[in-house]
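Visitor: The following block contains the structure, expressed as C-alpha cells.
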Amino acid sequence: MDDPFPSVEDMAAADAALVNVVRRQLPIRVYGGERWWTLYRTAALVRMTDTVESLLDLMGLDRDLDGQTLVRSLYEQVVTFAWIAIDPDRREWRWVGDGRWELLKLHNDAARFGESHGDPVLSDEEVAESKQSLGLSDEPASATEDCESGGRRRRRQPEAARILPPVTEMAEQADEHWSVRVRGLHPAGHPLGFPGLVPPGVSSR
Amino acid sequence: MYLPAYRVGSRAAHGALMALDPYLSREPNRYVIREPESGSRVMWALVGPLFGIALVIAARWDRWIDEGEVRALVDVATGPEVEDPDEA
C-alpha cells in the first residue's frame with residue numbers, strides 16, 4: 001500500500017471510538033416543547049452513527065463496493081446536516097418539505113398499482129396539504145398540452161425554495177460557511193481536508 | 001471528499017458497469033470473474049472525517065460532544081495531522 005493513511009485496523013478503532021461518542025449518550029431524552037431542530041438534529045446524528053457502524057462491519061469484510069455505497073450515503077447525510085445547521089430556523093422546513101415531496105412521489109407511484117396493493121400511502125387530505133405546502137397546484141391546461149387528468153395540468157415540481165437544493169449546492173454552501181467556523185480538522189489541501197465537501201464550481205455545472 | 005465519496009460512490013450505488021471492474025481480471029487467453037480484492041484505503045479513510053464534520057458542527061448545540069476528543073479521533077483515523085497555517 002502506498003497511500004498515506006493508517007492501517008484499516010487503526011482507522012476502524014478510531015471510527016469505533018467516534019461511534020461511541022454518540023452511543024454512550026443513548027437514549028437521549030428531550031422535553032416535549034423542544035424545537036424540531038433539536039429532535040431531528042439528534043436523530044440525524046444517531047442515524048449517521050448507525051451508518052458508520054455498518055461501514056465498520058463492511059471494512060472488516062473487505063467489501064469495498066458496498067462500503068462505497070454507504071460512504072456516499074454518509075456523505076449526503078453529512079452535507080444535508082451541515083447545510084441545515086447553517087440556519088436551522090429557516091432551513092429545517094425545507095427538510096420537511098423534501099420529506100413531503102418524497103412521500104408524495106411514493107404515494108403517486110403506489111397509486112399506479114391500484115387498490116390491489118393496499119391502502120393509499122396518503123389520505124386525500126394529506127395529499128392536498130402536501131401539495132399546498134410544496135406549491136403544487138392544479139393549473140388550467142394549455143391548448144397544446146394533453147393531460148391524463150382531464151384537461152387540467154398539474155405543476156410537476158415543487159417550488160425550489162420549499163425542498164432541499166441539489167447536494168452539490170448544499171455542499172458548496174456548507175464548505176463556505178463552516179470552513180471558517182470549524183477548526184482543528186485537516187485543512188484545505190489535505191486529501192481529507194475541510195473545506196472539501198465539493199470542489200469549487202461543481203454545483204453550477 | 002466529493003470525488004471519492006460522492007462520484008465514486010455513485011457508481012456502486014447505481015449499478016454502474018464500472019463498479020463491476022473489480023470482479024473481472026484478465027489472463028492471457030480469458031477473463032476470470034471472481035470475488036474482488038480489497039483496494040485502496042482512501043474510501044475507508046473518508047469515514048472518520050465525514051462523521052467528524054457532523055459531530056463538530058453538532059457540538060455547537062450539543063455539549064455532550066467533546067470537540068477535542070472528536071478532532072483527536074479524526075486525526076487517528078486519517079493519519080498525521082497537517083499543520084494549519086491559520087492555526088499557527
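Letters for chains follow the order of the C-alpha cells (A, B, ...), residue numbers begin at 1 for each chain, and ligand numbers begin at 1 in the order shown.
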Using only C-alpha atoms, which residues of chain A come within 6 Å of chain B, and what is the closest atom pair for each, with the distance in Å to one decimal? Give it as CSV, sorted by chain and residue number.
Guide:
```
residue,atom,partner,partner_atom,distance
A:Phe5,CA,B:Gly79,CA,5.4
A:Pro6,CA,B:Gly79,CA,5.5
A:Met11,CA,B:Ala77,CA,4.3
A:Ala14,CA,B:Ala77,CA,5.2
A:Asp15,CA,B:Gly48,CA,5.6
A:Asp62,CA,B:Ser38,CA,5.3
A:Leu65,CA,B:Ala12,CA,5.8
A:Gln68,CA,B:Gly9,CA,4.6
A:Thr69,CA,B:Ala13,CA,4.9
A:Val71,CA,B:Ala5,CA,5.8
A:Arg72,CA,B:Tyr6,CA,5.0
A:Val78,CA,B:Ala54,CA,5.8
A:Pro187,CA,B:Asp84,CA,5.7
A:Gly196,CA,B:Met1,CA,5.5
A:Leu197,CA,B:Tyr2,CA,5.3
A:Val198,CA,B:Tyr2,CA,4.9
```
Visitor: Convert the current residue selection to file output with N, CA and C atoms, as a compact mmCIF listing (two decimals), in the first residue's frame.
Guide:
```txt
# COMPACT_ATOMS: atom_id res chain seq x y z
N PHE A 5 -2.48 6.67 4.44
CA PHE A 5 -3.45 6.51 5.51
C PHE A 5 -3.04 5.40 6.48
N PRO A 6 -3.59 5.47 7.68
CA PRO A 6 -3.28 4.42 8.67
C PRO A 6 -3.80 3.06 8.21
N MET A 11 -7.80 2.71 11.54
CA MET A 11 -8.95 3.55 11.15
C MET A 11 -10.21 3.04 11.82
N ALA A 14 -10.43 3.97 15.52
CA ALA A 14 -10.77 5.38 15.74
C ALA A 14 -12.22 5.66 15.37
N ASP A 15 -12.69 5.07 14.27
CA ASP A 15 -14.09 5.26 13.86
C ASP A 15 -15.04 4.67 14.91
N ASP A 62 -13.82 -6.51 3.95
CA ASP A 62 -13.21 -6.06 2.69
C ASP A 62 -14.25 -5.85 1.59
N LEU A 65 -17.02 -2.18 -2.42
CA LEU A 65 -18.10 -1.56 -3.20
C LEU A 65 -19.31 -1.23 -2.34
N GLN A 68 -18.40 1.76 -0.52
CA GLN A 68 -18.55 3.00 -1.31
C GLN A 68 -20.00 3.48 -1.30
N THR A 69 -20.92 2.54 -1.41
CA THR A 69 -22.33 2.92 -1.40
C THR A 69 -22.70 3.59 -0.09
N VAL A 71 -20.58 5.00 2.08
CA VAL A 71 -19.84 6.26 2.24
C VAL A 71 -20.57 7.38 1.50
N ARG A 72 -21.10 7.05 0.32
CA ARG A 72 -21.88 8.05 -0.42
C ARG A 72 -23.11 8.46 0.38
N VAL A 78 -24.20 13.91 5.83
CA VAL A 78 -23.38 14.96 6.45
C VAL A 78 -23.60 16.30 5.74
N PRO A 187 -6.81 20.78 7.19
CA PRO A 187 -7.07 21.99 6.42
C PRO A 187 -7.22 21.71 4.93
N GLY A 196 -13.85 20.73 1.78
CA GLY A 196 -13.54 19.73 0.78
C GLY A 196 -14.77 18.91 0.45
N LEU A 197 -15.91 19.38 0.90
CA LEU A 197 -17.13 18.64 0.60
C LEU A 197 -17.43 18.67 -0.90
N VAL A 198 -16.99 19.74 -1.56
CA VAL A 198 -17.21 19.80 -3.01
C VAL A 198 -16.18 20.77 -3.60
```
Visitor: Would you kindly return, as JSON, numbers by chain, each protein, DNA or RNA residue with an atom no farther than 8 Å from any atom of Leu104 of chain A, considering only C-alpha atoms and excluding same-chain residues fewer than 2 positions away?
Guide: {"A": [100, 101, 102, 106, 107, 108, 122, 127, 130]}
Visitor: From the set A:Asp98, A:Asp87, A:Asp50, A:Asp109, which residue has the shortest atom-to-atom contact distance to Gln173 of chain A, counting only C-alpha atoms?
Guide: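 Closest residue, counting only C-alpha atoms: A:Asp87.
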Visitor: Would you return as a PyMOL selection string the members of segment 30-192 of chain A that DSSP assigns to helix (DSSP H, G or I) on this structure's backbone?
Guide: chain A and resi 36-61+64-86+88-111+115-117+124-134+160-162+167-178
Visitor: Rounded to one decimal, what separation in Å do you get between atom CA of Leu136 of chain A and atom CA of Gln157 of chain A?
Guide: 7.1 Å
Visitor: Please determine, counting only C-alpha atoms, which residue among A:Ser179, A:Ser137, A:Thr51, A:Ser123 has the shortest atom-to-atom distance to Tyr75 of chain A.
Guide: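 Selected residue with least distance to Tyr75 of chain A: A:Thr51.
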Visitor: Kindly give the distance, in Å, that separates atom CA of Arg24 of chain A and atom CA of Arg181 of chain A, rounded to a single decimal.
Guide: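 So the answer is 26.6 Å.
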Visitor: In Å, how far is it from atom CA of Ala174 of chain A to atom CA of Val21 of chain A?
Guide: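 Value for the atom CA of Ala174 of chain A-atom CA of Val21 of chain A distance: 23.1 Å.
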Visitor: Could you give me, as an MDAnalysis selection string, each residue of chain B that DSSP assigns to strand (DSSP E or B) when run on this structure's backbone?
Guide: chainID B and resid 24:27 30:33
